[in-house]
file run03.pdb (PDB, C-alpha atoms and all ligand atoms)
ATOM      1  CA  MET A   1     154.677 209.770  73.543
ATOM      2  CA  PRO A   2     157.620 207.496  74.257
ATOM      3  CA  THR A   3     156.734 203.869  74.632
ATOM      4  CA  ILE A   4     158.570 200.871  75.906
ATOM      5  CA  LEU A   5     158.082 197.201  75.278
ATOM      6  CA  GLY A   6     156.571 195.199  78.098
ATOM      7  CA  GLN A   7     156.331 191.453  78.678
ATOM      8  CA  ASN A   8     156.533 189.513  75.441
ATOM      9  CA  GLN A   9     156.659 185.909  74.367
ATOM     10  CA  TYR A  10     156.245 184.005  71.168
ATOM     11  CA  GLY A  11     156.145 180.484  69.772
ATOM     12  CA  LYS A  12     153.882 178.051  67.952
ATOM     13  CA  ALA A  13     150.629 177.298  69.736
ATOM     14  CA  GLU A  14     148.533 174.145  69.523
ATOM     15  CA  ASN A  15     150.816 171.676  67.830
ATOM     16  CA  ARG A  16     148.652 168.605  67.615
ATOM     17  CA  VAL A  17     151.044 165.714  67.810
ATOM     18  CA  VAL A  18     149.930 162.101  67.837
ATOM     19  CA  LYS A  19     152.540 159.450  68.598
ATOM     20  CA  ILE A  20     151.803 155.808  67.971
ATOM     21  CA  THR A  21     154.136 153.364  69.666
ATOM     22  CA  ARG A  22     153.953 149.924  68.113
ATOM     23  CA  ASP A  23     154.666 147.109  70.521
ATOM     24  CA  GLY A  24     154.155 144.243  68.073
ATOM     25  CA  ASP A  25     150.518 144.484  67.133
ATOM     26  CA  THR A  26     149.627 146.263  70.360
ATOM     27  CA  HIS A  27     149.649 149.995  69.776
ATOM     28  CA  HIS A  28     149.866 152.790  72.329
ATOM     29  CA  ILE A  29     148.707 156.359  71.667
ATOM     30  CA  LYS A  30     149.906 159.646  73.035
ATOM     31  CA  ASP A  31     147.806 162.533  71.779
ATOM     32  CA  LEU A  32     148.956 165.998  72.788
ATOM     33  CA  ASN A  33     148.235 169.614  72.043
ATOM     34  CA  VAL A  34     151.540 171.384  72.658
ATOM     35  CA  SER A  35     151.960 175.162  72.855
ATOM     36  CA  VAL A  36     155.385 176.747  72.973
ATOM     37  CA  ALA A  37     156.008 180.259  74.348
ATOM     38  CA  LEU A  38     159.571 181.580  74.402
ATOM     39  CA  SER A  39     160.949 184.786  75.862
ATOM     40  CA  GLY A  40     164.319 186.415  76.342
ATOM     41  CA  ASP A  41     166.352 189.020  74.481
ATOM     42  CA  MET A  42     163.626 189.966  72.056
ATOM     43  CA  ASP A  43     163.765 193.766  72.252
ATOM     44  CA  ASP A  44     165.348 194.170  68.810
ATOM     45  CA  VAL A  45     162.753 192.276  66.861
ATOM     46  CA  HIS A  46     160.056 194.468  68.362
ATOM     47  CA  TYR A  47     161.894 197.770  68.169
ATOM     48  CA  SER A  48     163.781 197.451  64.883
ATOM     49  CA  GLY A  49     162.591 194.283  63.226
ATOM     50  CA  SER A  50     165.951 192.521  63.467
ATOM     51  CA  ASN A  51     165.296 188.795  63.566
ATOM     52  CA  ALA A  52     168.834 187.947  64.679
ATOM     53  CA  ASN A  53     167.601 186.489  67.991
ATOM     54  CA  VAL A  54     164.443 184.911  66.662
ATOM     55  CA  LEU A  55     164.178 181.157  66.401
ATOM     56  CA  PRO A  56     161.192 180.856  64.028
ATOM     57  CA  THR A  57     157.911 179.637  65.476
ATOM     58  CA  ASP A  58     157.950 177.186  62.574
ATOM     59  CA  THR A  59     161.130 175.691  64.041
ATOM     60  CA  THR A  60     159.510 175.338  67.438
ATOM     61  CA  LYS A  61     156.739 173.378  65.728
ATOM     62  CA  ASN A  62     159.236 171.118  63.954
ATOM     63  CA  THR A  63     161.038 170.555  67.234
ATOM     64  CA  VAL A  64     157.852 169.314  68.867
ATOM     65  CA  PHE A  65     157.346 166.720  66.129
ATOM     66  CA  ALA A  66     161.017 165.731  65.943
ATOM     67  CA  PHE A  67     161.208 165.296  69.732
ATOM     68  CA  ALA A  68     158.174 163.012  69.632
ATOM     69  CA  LYS A  69     160.309 160.714  67.500
ATOM     70  CA  GLU A  70     163.699 161.275  69.137
ATOM     71  CA  HIS A  71     162.661 161.156  72.787
ATOM     72  CA  GLY A  72     159.237 159.546  72.583
ATOM     73  CA  ILE A  73     156.392 160.795  74.729
ATOM     74  CA  GLU A  74     156.685 159.055  78.073
ATOM     75  CA  SER A  75     154.459 161.613  79.761
ATOM     76  CA  ALA A  76     153.352 165.125  78.921
ATOM     77  CA  GLU A  77     155.497 166.440  81.768
ATOM     78  CA  GLN A  78     158.617 164.609  80.617
ATOM     79  CA  PHE A  79     158.035 165.766  77.033
ATOM     80  CA  GLY A  80     157.550 169.372  78.154
ATOM     81  CA  ILE A  81     160.727 169.229  80.234
ATOM     82  CA  HIS A  82     162.736 168.022  77.213
ATOM     83  CA  LEU A  83     161.356 170.790  75.035
ATOM     84  CA  ALA A  84     161.742 173.620  77.540
ATOM     85  CA  ARG A  85     165.294 172.594  78.378
ATOM     86  CA  HIS A  86     166.163 172.372  74.690
ATOM     87  CA  PHE A  87     164.971 175.871  73.822
ATOM     88  CA  VAL A  88     166.617 177.543  76.804
ATOM     89  CA  SER A  89     169.902 175.654  76.646
ATOM     90  CA  SER A  90     170.394 175.687  72.861
ATOM     91  CA  GLN A  91     169.452 179.323  72.158
ATOM     92  CA  GLU A  92     171.451 181.959  73.946
ATOM     93  CA  PRO A  93     168.850 184.745  73.578
ATOM     94  CA  ILE A  94     166.058 182.565  74.936
ATOM     95  CA  HIS A  95     165.901 182.718  78.721
ATOM     96  CA  ARG A  96     162.545 181.233  79.402
ATOM     97  CA  ALA A  97     160.403 178.609  77.715
ATOM     98  CA  ARG A  98     156.860 177.832  78.715
ATOM     99  CA  ILE A  99     155.426 174.649  77.288
ATOM    100  CA  ARG A 100     151.717 174.089  77.777
ATOM    101  CA  ILE A 101     150.354 170.672  77.030
ATOM    102  CA  GLU A 102     146.841 169.322  76.883
ATOM    103  CA  GLU A 103     146.664 165.560  76.723
ATOM    104  CA  TYR A 104     143.676 163.738  75.307
ATOM    105  CA  ALA A 105     143.094 160.394  76.962
ATOM    106  CA  TRP A 106     142.101 157.329  74.963
ATOM    107  CA  GLU A 107     140.835 153.954  76.089
ATOM    108  CA  ARG A 108     140.820 150.711  74.187
ATOM    109  CA  ILE A 109     137.614 149.499  72.589
ATOM    110  CA  ALA A 110     136.465 146.155  73.996
ATOM    111  CA  THR A 111     135.983 143.428  71.421
ATOM    112  CA  SER A 112     132.859 141.451  70.730
ATOM    113  CA  ASP A 113     132.737 137.802  71.739
ATOM    114  CA  GLY A 114     132.411 135.022  69.222
ATOM    115  CA  ASN A 115     133.029 135.764  65.597
ATOM    116  CA  SER A 116     135.556 138.535  66.050
ATOM    117  CA  ARG A 117     138.820 138.382  64.146
ATOM    118  CA  PHE A 118     140.431 139.266  67.470
ATOM    119  CA  ILE A 119     139.266 136.251  69.472
ATOM    120  CA  GLY A 120     141.211 135.864  72.677
ATOM    121  CA  ALA A 121     141.903 139.526  73.190
ATOM    122  CA  ASP A 122     139.609 141.482  75.497
ATOM    123  CA  GLU A 123     140.512 144.672  73.786
ATOM    124  CA  VAL A 124     141.319 145.490  70.209
ATOM    125  CA  LYS A 125     145.005 146.287  70.141
ATOM    126  CA  HIS A 126     144.779 149.245  67.813
ATOM    127  CA  SER A 127     141.285 150.685  68.368
ATOM    128  CA  PHE A 128     140.595 153.473  70.800
ATOM    129  CA  ALA A 129     137.785 155.720  71.999
ATOM    130  CA  ARG A 130     138.579 159.070  73.494
ATOM    131  CA  LYS A 131     137.603 159.327  77.132
ATOM    132  CA  GLY A 132     134.763 161.385  78.494
ATOM    133  CA  GLN A 133     133.679 163.179  75.360
ATOM    134  CA  GLU A 134     130.373 162.025  74.091
ATOM    135  CA  THR A 135     126.925 163.470  74.555
ATOM    136  CA  ARG A 136     123.895 161.235  74.468
ATOM    137  CA  VAL A 137     120.948 162.765  72.636
ATOM    138  CA  SER A 138     117.299 161.884  72.049
ATOM    139  CA  GLN A 139     114.243 163.366  70.397
ATOM    140  CA  ILE A 140     110.731 162.231  71.329
ATOM    141  CA  THR A 141     107.729 163.212  69.232
ATOM    142  CA  TYR A 142     104.089 162.366  70.042
ATOM    143  CA  ASP A 143     100.960 163.339  68.108
ATOM    144  CA  GLY A 144      98.474 161.936  70.636
ATOM    145  CA  GLU A 145      98.530 158.586  68.911
ATOM    146  CA  ASN A 146     101.972 157.695  67.719
ATOM    147  CA  TRP A 147     105.428 158.118  69.109
ATOM    148  CA  GLU A 148     108.661 158.630  67.285
ATOM    149  CA  VAL A 149     111.819 158.123  69.304
ATOM    150  CA  ILE A 150     115.184 158.978  67.830
ATOM    151  CA  SER A 151     118.239 158.469  70.021
ATOM    152  CA  GLY A 152     121.922 158.715  69.456
ATOM    153  CA  LEU A 153     125.164 160.309  70.411
ATOM    154  CA  LYS A 154     127.602 162.913  69.248
ATOM    155  CA  ASP A 155     131.268 163.714  69.811
ATOM    156  CA  LEU A 156     132.341 160.136  70.406
ATOM    157  CA  THR A 157     135.909 160.288  69.120
ATOM    158  CA  VAL A 158     137.409 157.001  67.948
ATOM    159  CA  MET A 159     140.615 155.963  66.254
ATOM    160  CA  ASN A 160     142.088 152.903  64.583
ATOM    161  CA  SER A 161     145.855 153.191  64.425
ATOM    162  CA  THR A 162     146.020 150.574  61.675
ATOM    163  CA  ASN A 163     143.754 148.345  59.512
ATOM    164  CA  SER A 164     142.720 151.284  57.348
ATOM    165  CA  GLU A 165     143.570 151.829  53.687
ATOM    166  CA  PHE A 166     142.367 154.226  51.011
ATOM    167  CA  TRP A 167     143.294 153.650  47.382
ATOM    168  CA  GLY A 168     141.813 152.903  43.976
ATOM    169  CA  TYR A 169     139.912 156.185  43.906
ATOM    170  CA  VAL A 170     139.245 158.440  40.914
ATOM    171  CA  LYS A 171     142.220 160.586  39.910
ATOM    172  CA  ASP A 172     141.747 163.722  37.844
ATOM    173  CA  LYS A 173     144.147 166.578  37.119
ATOM    174  CA  TYR A 174     143.567 168.069  40.571
ATOM    175  CA  THR A 175     144.194 164.868  42.502
ATOM    176  CA  THR A 176     147.339 164.905  44.618
ATOM    177  CA  LEU A 177     146.341 162.494  47.404
ATOM    178  CA  LYS A 178     148.729 159.549  47.728
ATOM    179  CA  GLU A 179     147.206 156.133  48.031
ATOM    180  CA  ALA A 180     147.345 154.848  51.595
ATOM    181  CA  TYR A 181     147.858 151.226  52.551
ATOM    182  CA  ASP A 182     148.182 151.721  56.294
ATOM    183  CA  ARG A 183     146.702 154.921  57.636
ATOM    184  CA  ILE A 184     145.089 156.168  60.818
ATOM    185  CA  LEU A 185     141.307 156.203  60.685
ATOM    186  CA  ALA A 186     139.759 158.619  63.174
ATOM    187  CA  THR A 187     136.362 160.236  63.478
ATOM    188  CA  ASP A 188     133.974 161.948  65.875
ATOM    189  CA  VAL A 189     130.900 159.787  65.671
ATOM    190  CA  SER A 190     127.580 161.560  65.406
ATOM    191  CA  ALA A 191     124.793 158.985  65.078
ATOM    192  CA  ARG A 192     121.004 159.011  65.393
ATOM    193  CA  TRP A 193     118.941 155.879  65.399
ATOM    194  CA  ARG A 194     115.189 155.546  65.141
ATOM    195  CA  TYR A 195     113.154 153.062  67.135
ATOM    196  CA  ASN A 196     110.356 151.135  65.441
ATOM    197  CA  TRP A 197     108.268 151.390  68.633
ATOM    198  CA  THR A 198     105.363 153.750  67.970
ATOM    199  CA  SER A 199     102.417 153.005  70.259
ATOM    200  CA  ASP A 200     102.127 149.939  72.492
ATOM    201  CA  GLU A 201     103.184 151.279  75.868
ATOM    202  CA  GLN A 202     103.350 147.776  77.327
ATOM    203  CA  ARG A 203     106.102 146.905  74.842
ATOM    204  CA  MET A 204     108.302 149.914  75.122
ATOM    205  CA  PRO A 205     112.026 149.209  74.561
ATOM    206  CA  ASN A 206     114.408 149.351  77.498
ATOM    207  CA  TRP A 207     115.984 152.649  76.516
ATOM    208  CA  GLU A 208     119.037 152.406  78.768
ATOM    209  CA  LYS A 209     119.941 148.929  77.657
ATOM    210  CA  SER A 210     119.262 149.718  74.027
ATOM    211  CA  TYR A 211     121.541 152.753  74.119
ATOM    212  CA  GLU A 212     124.368 150.813  75.771
ATOM    213  CA  GLN A 213     124.032 147.959  73.298
ATOM    214  CA  ALA A 214     123.760 150.164  70.205
ATOM    215  CA  ARG A 215     126.843 152.091  71.308
ATOM    216  CA  LYS A 216     128.734 148.870  72.002
ATOM    217  CA  HIS A 217     127.889 147.283  68.636
ATOM    218  CA  MET A 218     128.784 150.466  66.808
ATOM    219  CA  LEU A 219     132.182 150.675  68.512
ATOM    220  CA  GLN A 220     132.913 147.021  67.973
ATOM    221  CA  ALA A 221     132.094 147.314  64.285
ATOM    222  CA  PHE A 222     134.390 150.332  64.052
ATOM    223  CA  ALA A 223     137.192 148.422  65.762
ATOM    224  CA  GLU A 224     136.745 145.162  63.885
ATOM    225  CA  THR A 225     136.241 146.393  60.348
ATOM    226  CA  TYR A 226     139.345 146.302  58.186
ATOM    227  CA  SER A 227     138.587 149.568  56.469
ATOM    228  CA  LEU A 228     139.021 150.426  52.793
ATOM    229  CA  SER A 229     137.193 153.739  53.310
ATOM    230  CA  LEU A 230     135.342 155.562  56.054
ATOM    231  CA  GLN A 231     132.204 155.029  53.969
ATOM    232  CA  GLN A 232     132.646 151.247  54.254
ATOM    233  CA  THR A 233     133.267 151.488  58.004
ATOM    234  CA  LEU A 234     130.141 153.641  58.394
ATOM    235  CA  TYR A 235     128.020 151.033  56.650
ATOM    236  CA  GLN A 236     129.449 148.268  58.833
ATOM    237  CA  MET A 237     128.708 150.270  61.990
ATOM    238  CA  GLY A 238     125.136 150.872  60.905
ATOM    239  CA  SER A 239     124.382 147.366  59.754
ATOM    240  CA  ARG A 240     125.879 145.898  62.943
ATOM    241  CA  ILE A 241     123.353 147.888  64.954
ATOM    242  CA  ILE A 242     120.388 147.065  62.714
ATOM    243  CA  ASN A 243     121.305 143.359  62.694
ATOM    244  CA  SER A 244     121.763 143.103  66.442
ATOM    245  CA  ARG A 245     119.010 145.399  67.740
ATOM    246  CA  SER A 246     115.530 144.475  66.493
ATOM    247  CA  GLU A 247     114.041 147.638  68.073
ATOM    248  CA  ILE A 248     116.103 149.897  65.763
ATOM    249  CA  ASP A 249     115.147 150.259  62.093
ATOM    250  CA  GLU A 250     117.218 153.159  60.845
ATOM    251  CA  ILE A 251     120.478 154.858  61.739
ATOM    252  CA  ARG A 252     122.139 157.896  60.268
ATOM    253  CA  PHE A 253     125.775 158.889  60.702
ATOM    254  CA  SER A 254     127.730 162.049  60.187
ATOM    255  CA  LEU A 255     131.414 161.164  60.353
ATOM    256  CA  PRO A 256     134.205 163.691  59.887
ATOM    257  CA  ASN A 257     137.395 162.092  58.620
ATOM    258  CA  ASN A 258     139.891 163.404  61.177
ATOM    259  CA  HIS A 259     143.003 163.410  59.036
ATOM    260  CA  HIS A 260     146.345 162.439  60.522
ATOM    261  CA  PHE A 261     149.294 163.300  58.308
ATOM    262  CA  LEU A 262     152.656 161.616  58.729
ATOM    263  CA  VAL A 263     155.199 164.293  59.576
ATOM    264  CA  ASP A 264     158.230 164.472  57.293
ATOM    265  CA  LEU A 265     161.173 164.079  59.681
ATOM    266  CA  GLU A 266     163.747 163.471  56.911
ATOM    267  CA  PRO A 267     165.036 167.074  57.079
ATOM    268  CA  PHE A 268     166.127 166.321  60.656
ATOM    269  CA  GLY A 269     167.759 163.028  59.712
ATOM    270  CA  LEU A 270     164.975 161.042  61.370
ATOM    271  CA  LYS A 271     162.944 158.194  59.927
ATOM    272  CA  ASN A 272     159.223 158.379  60.569
ATOM    273  CA  ASP A 273     158.145 154.774  60.571
ATOM    274  CA  ASN A 274     154.396 155.470  60.891
ATOM    275  CA  GLU A 275     154.942 156.903  64.359
ATOM    276  CA  VAL A 276     154.556 160.674  64.464
ATOM    277  CA  TYR A 277     151.472 162.340  63.000
ATOM    278  CA  PHE A 278     150.099 165.827  62.667
ATOM    279  CA  ALA A 279     146.419 165.778  63.623
ATOM    280  CA  ALA A 280     144.780 168.335  61.332
ATOM    281  CA  ASP A 281     141.508 169.878  62.434
ATOM    282  CA  ARG A 282     140.314 171.346  59.130
ATOM    283  CA  PRO A 283     139.412 170.923  56.401
ATOM    284  CA  TYR A 284     138.095 167.427  56.991
ATOM    285  CA  GLY A 285     136.267 164.907  54.862
ATOM    286  CA  LEU A 286     132.653 164.560  55.954
ATOM    287  CA  ILE A 287     131.046 161.211  55.304
ATOM    288  CA  GLU A 288     127.301 160.931  55.925
ATOM    289  CA  ALA A 289     124.823 158.151  55.254
ATOM    290  CA  THR A 290     121.740 156.341  56.519
ATOM    291  CA  VAL A 291     121.603 152.583  57.030
ATOM    292  CA  LEU A 292     118.111 151.070  57.015
ATOM    293  CA  ARG A 293     116.434 147.783  57.727
ATOM    294  CA  ASP A 294     115.371 146.531  54.310
ATOM    295  CA  GLY A 295     111.833 147.675  53.434
ATOM    296  CA  VAL A 296     111.763 150.527  55.958
ATOM    297  CA  GLU A 297     111.018 154.149  54.980
ATOM    298  CA  PRO A 298     113.772 156.599  55.962
ATOM    299  CA  LYS A 299     112.587 159.218  58.465
ATOM    300  CA  ILE A 300     115.715 160.622  60.094
ATOM    301  CA  PRO A 301     116.398 164.043  58.535
ATOM    302  CA  VAL A 302     119.409 164.320  56.238
ATOM    303  CA  ASP A 303     120.682 167.278  58.250
ATOM    304  CA  MET A 304     120.922 166.083  61.844
ATOM    305  CA  THR A 305     122.526 169.171  63.325
ATOM    306  CA  ASN A 306     119.409 170.214  65.219
ATOM    307  CA  LEU A 307     118.387 166.728  66.199
TER     308      LEU A 307
HETATM  309  O1  LIG B   1     137.767 157.063  53.769
HETATM  310  C1  LIG B   1     137.908 157.986  52.926
HETATM  311  N1  LIG B   1     136.890 158.258  52.069
HETATM  312  C2  LIG B   1     136.956 159.251  51.140
HETATM  313  O2  LIG B   1     135.999 159.463  50.352
HETATM  314  C3  LIG B   1     138.149 160.003  51.089
HETATM  315  N2  LIG B   1     138.568 161.028  50.297
HETATM  316  C4  LIG B   1     139.811 161.368  50.713
HETATM  317  O3  LIG B   1     140.499 162.305  50.237
HETATM  318  N3  LIG B   1     140.214 160.562  51.734
HETATM  319  C5  LIG B   1     139.202 159.689  51.985
HETATM  320  N4  LIG B   1     139.055 158.706  52.893
END
call {"tool": "encode", "arguments": {"input": "run03.pdb", "output": "structure tokens", "more": "lines below"}}
Ligand SMILES: O=c1[nH]c(=O)c2[nH]c(=O)[nH]c2[nH]1
result
Amino acid sequence: MPTILGQNQYGKAENRVVKITRDGDTHHIKDLNVSVALSGDMDDVHYSGSNANVLPTDTTKNTVFAFAKEHGIESAEQFGIHLARHFVSSQEPIHRARIRIEEYAWERIATSDGNSRFIGADEVKHSFARKGQETRVSQITYDGENWEVISGLKDLTVMNSTNSEFWGYVKDKYTTLKEAYDRILATDVSARWRYNWTSDEQRMPNWEKSYEQARKHMLQAFAETYSLSLQQTLYQMGSRIINSRSEIDEIRFSLPNNHHFLVDLEPFGLKNDNEVYFAADRPYGLIEATVLRDGVEPKIPVDMTNL
């Protein structure tokens, strides 16, 4: 049966590019997921395997990262226009470029009043929470006598674009990680906290207020901790909640370390001055721990996935 080639397109999908623009100590984030699909004179590669007209998908990926540096990311639309025009105008066999972009929105984390290192600023200049992501969760257990209330949240994505280091760790023959003195620290917070209220219904906590306050303290601790490891930041987040909310005795975190790797732009003659990052989705470090009020028995399960 004779066959003919129908519609075809190719390119690199889901290039996760994060661009930090540093305006003094105020940072701005653009976080995009960019997919490139090119089409044109591509019969030969399908019919005979000749790659003579094929710009590698790897090159389309590099172009996305290089353009983030060269042209900046003013808007997703503007960035997509630059890319599409480039592929069609620079490659004779390419007649059509479709650039799809998802943009993840971030908002600045508000600072605490008083003893913050960022007094005077309403918002931390380099700390962000991703918009509209999180899910609030709770588990209520009652045995006819006593209550156990565990509340928390998951999928609250946060990022510090500076004030994070990681060095001084153990190095064995398999260690290749370079020490970092200014890295991005990003995680999807999953936290569960346990209330010490168990029975007196007249003295029940105000659940709405407690949730808002616990969330706020946790975010402020994330933003205000100069981090030497995600473990240290986790402990600060937990102890900030325990110290500021007397109704909460225990909190457990599961924090993926969402790695952001600086992209090597040297091959394109470009200097990457901590601006353009590849946001990797896996594998990721997973940092988990419980923070307790001193003297309290831990009760939140180690594995919180079903909680
Ligand atoms: O904050 C971190 N903690 C680690 O334990 C770790 N391990 C690693 O490779 N990177 C990091 N970062």
call {"tool": "axis_aligned_box", "arguments": {"input": "run03.pdb", "around": "segment 171-187 of chain A", "padding_each_side": "5 Å", "output": "lines of an AutoDock Vina configuration file"}}
result
center_x = 142.5
center_y = 159.6
center_z = 50.3
size_x = 22.4
size_y = 26.8
size_z = 36.4
call {"tool": "closest_atom_pairs", "arguments": {"input": "run03.pdb", "of": "chain A", "to": "ligand LIG 1 (chain B)", "cutoff": "7 Å", "atoms": "only C-alpha atoms and all ligand atoms", "output": "JSON lines"}}
result
{"residue": "A:Phe166", "atom": "CA", "partner": "B:LIG1", "partner_atom": "N4", "distance": 5.9}
{"residue": "A:Leu177", "atom": "CA", "partner": "B:LIG1", "partner_atom": "O3", "distance": 6.5}
{"residue": "A:Leu228", "atom": "CA", "partner": "B:LIG1", "partner_atom": "O1", "distance": 6.8}
{"residue": "A:Ser229", "atom": "CA", "partner": "B:LIG1", "partner_atom": "O1", "distance": 3.4}
{"residue": "A:Leu230", "atom": "CA", "partner": "B:LIG1", "partner_atom": "O1", "distance": 3.7}
{"residue": "A:Gln231", "atom": "CA", "partner": "B:LIG1", "partner_atom": "O1", "distance": 5.9}
{"residue": "A:Asn257", "atom": "CA", "partner": "B:LIG1", "partner_atom": "N4", "distance": 6.9}
{"residue": "A:Gly285", "atom": "CA", "partner": "B:LIG1", "partner_atom": "N2", "distance": 6.4}
call {"tool": "resolve_selection", "arguments": {"input": "run03.pdb", "expression": "the PyMOL selection byres (((chain A and resi 203-211) around 8) and not hetatm)", "output": "list in words"}}
result
Ser151, Gly152, Trp197, Asp200, Glu201, Gln202, Glu212, Gln213, Ala214, Arg215, Arg245 and Glu247 of chain A
call {"tool": "resolve_selection", "arguments": {"input": "run03.pdb", "expression": "the PyMOL selection byres (((chain A and resi 190) around 12) and not hetatm)", "output": "VMD selection string"}}
result
chain A and resid 133 to 137 151 to 158 187 to 189 191 to 193 215 218 234 237 to 238 251 to 257 286 to 290 303 to 307
call {"tool": "atom_distance", "arguments": {"input": "run03.pdb", "atom1": "atom CA of Phe67 of chain A", "atom2": "atom CA of Phe79 of chain A"}}
result
8.0 Å
call {"tool": "closest_residue", "arguments": {"input": "run03.pdb", "among": "A:Leu55, A:Glu179, A:Tyr195, A:Ile4", "to": "Trp147 of chain A", "atoms": "only C-alpha atoms"}}
result
A:Tyr195
call {"tool": "residues_around", "arguments": {"input": "run03.pdb", "residues": "Arg293 of chain A", "least_positions_apart": "3", "cutoff": "7 Å", "atoms": "all atoms listed in the file", "output": "number ranges by chain"}}
result
A: 242, 249-250, 296
call {"tool": "atom_distance", "arguments": {"input": "run03.pdb", "atom1": "atom CA of Thr26 of chain A", "atom2": "atom CA of Asn163 of chain A"}}
result
12.5 Å
call {"tool": "atom_distance", "arguments": {"input": "run03.pdb", "atom1": "atom CA of Ala110 of chain A", "atom2": "atom CA of Ile20 of chain A"}}
result
19.1 Å
call {"tool": "resolve_selection", "arguments": {"input": "run03.pdb", "expression": "the PyMOL selection byres (((chain A and resi 276) around 6) and not hetatm)", "output": "ChimeraX atom specification"}}
result
/A:18-19,275,277
call {"tool": "closest_residue", "arguments": {"input": "run03.pdb", "among": "A:Ile184, A:Ile99, A:Val34, A:Ile241", "to": "Lys216 of chain A", "atoms": "all atoms listed in the file"}}
result
A:Ile241
call {"tool": "residues_around", "arguments": {"input": "run03.pdb", "residues": "Gly24 of chain A", "least_positions_apart": "3", "cutoff": "12 Å", "atoms": "only C-alpha atoms", "output": "ChimeraX atom specification"}}
result
/A:20-21,27-28,125-126
call {"tool": "residues_around", "arguments": {"input": "run03.pdb", "residues": "segment 10-13 of chain A", "least_positions_apart": "2", "cutoff": "10 Å", "atoms": "all atoms listed in the file", "output": "mmCIF file with C-alpha atoms, in the coordinates of the input"}}
result
data_model
loop_
_atom_site.group_PDB
_atom_site.id
_atom_site.type_symbol
_atom_site.label_atom_id
_atom_site.label_comp_id
_atom_site.auth_asym_id
_atom_site.auth_seq_id
_atom_site.Cartn_x
_atom_site.Cartn_y
_atom_site.Cartn_z
ATOM 1 C CA ASN A 8 156.533 189.513 75.441
ATOM 2 C CA ASN A 15 150.816 171.676 67.830
ATOM 3 C CA ARG A 16 148.652 168.605 67.615
ATOM 4 C CA ASN A 33 148.235 169.614 72.043
ATOM 5 C CA VAL A 34 151.540 171.384 72.658
ATOM 6 C CA SER A 35 151.960 175.162 72.855
ATOM 7 C CA VAL A 36 155.385 176.747 72.973
ATOM 8 C CA ALA A 37 156.008 180.259 74.348
ATOM 9 C CA LEU A 38 159.571 181.580 74.402
ATOM 10 C CA SER A 39 160.949 184.786 75.862
ATOM 11 C CA GLY A 40 164.319 186.415 76.342
ATOM 12 C CA MET A 42 163.626 189.966 72.056
ATOM 13 C CA VAL A 54 164.443 184.911 66.662
ATOM 14 C CA LEU A 55 164.178 181.157 66.401
ATOM 15 C CA PRO A 56 161.192 180.856 64.028
ATOM 16 C CA THR A 57 157.911 179.637 65.476
ATOM 17 C CA ASP A 58 157.950 177.186 62.574
ATOM 18 C CA THR A 59 161.130 175.691 64.041
ATOM 19 C CA THR A 60 159.510 175.338 67.438
ATOM 20 C CA LYS A 61 156.739 173.378 65.728
ATOM 21 C CA ASN A 62 159.236 171.118 63.954
ATOM 22 C CA VAL A 64 157.852 169.314 68.867
ATOM 23 C CA ALA A 97 160.403 178.609 77.715
ATOM 24 C CA ARG A 98 156.860 177.832 78.715
ATOM 25 C CA ILE A 99 155.426 174.649 77.288
ATOM 26 C CA ARG A 100 151.717 174.089 77.777
ATOM 27 C CA ILE A 101 150.354 170.672 77.030
#
call {"tool": "closest_residue", "arguments": {"input": "run03.pdb", "among": "A:Phe268, A:Tyr284, A:Trp167, A:Phe278", "to": "Ala66 of chain A", "atoms": "only C-alpha atoms"}}
result
A:Phe268
call {"tool": "closest_residue", "arguments": {"input": "run03.pdb", "among": "A:Glu297, A:Lys171, A:Leu270, A:Asn243", "to": "His71 of chain A", "atoms": "only C-alpha atoms"}}
result
A:Leu270
call {"tool": "closest_residue", "arguments": {"input": "run03.pdb", "among": "A:Lys271, A:Gly132, A:Ala105, A:Glu148", "to": "Ala76 of chain A", "atoms": "all atoms listed in the file"}}
result
A:Ala105
call {"tool": "residues_around", "arguments": {"input": "run03.pdb", "residues": "His259 of chain A", "least_positions_apart": "4", "cutoff": "8 Å", "atoms": "all atoms listed in the file", "output": "list in words"}}
result
Ile184, Leu185, Ala186, Ala279, Ala280, Asp281 and Tyr284 of chain A
call {"tool": "closest_residue", "arguments": {"input": "run03.pdb", "among": "A:Ser199, A:Leu5, A:Thr162, A:Gly72", "to": "Tyr181 of chain A", "atoms": "all atoms listed in the file"}}
result
A:Thr162
call {"tool": "decode", "arguments": {"input": "run03.pdb", "residues": "segment 196-213 of chain A", "atoms": "C-alpha atoms", "output": "PDB file, in the first residue's frame"}}
result
ATOM      1  CA  ASN A 196      -3.128  20.700  70.922  1.00  0.00           C
ATOM      2  CA  TRP A 197      -6.895  21.190  71.342  1.00  0.00           C
ATOM      3  CA  THR A 198      -8.446  17.826  72.195  1.00  0.00           C
ATOM      4  CA  SER A 199     -11.697  18.244  74.126  1.00  0.00           C
ATOM      5  CA  ASP A 200     -12.953  21.530  75.572  1.00  0.00           C
ATOM      6  CA  GLU A 201     -15.460  22.665  72.976  1.00  0.00           C
ATOM      7  CA  GLN A 202     -15.742  26.092  74.589  1.00  0.00           C
ATOM      8  CA  ARG A 203     -12.054  26.705  73.857  1.00  0.00           C
ATOM      9  CA  MET A 204     -11.822  25.542  70.311  1.00  0.00           C
ATOM     10  CA  PRO A 205      -9.229  27.411  68.200  1.00  0.00           C
ATOM     11  CA  ASN A 206     -10.395  29.803  65.510  1.00  0.00           C
ATOM     12  CA  TRP A 207      -9.532  27.524  62.613  1.00  0.00           C
ATOM     13  CA  GLU A 208      -9.696  30.155  59.874  1.00  0.00           C
ATOM     14  CA  LYS A 209      -7.497  32.604  61.693  1.00  0.00           C
ATOM     15  CA  SER A 210      -5.081  29.909  62.772  1.00  0.00           C
ATOM     16  CA  TYR A 211      -4.660  28.668  59.209  1.00  0.00           C
ATOM     17  CA  GLU A 212      -4.056  32.176  57.861  1.00  0.00           C
ATOM     18  CA  GLN A 213      -1.549  32.941  60.600  1.00  0.00           C
TER      19      GLN A 213
END
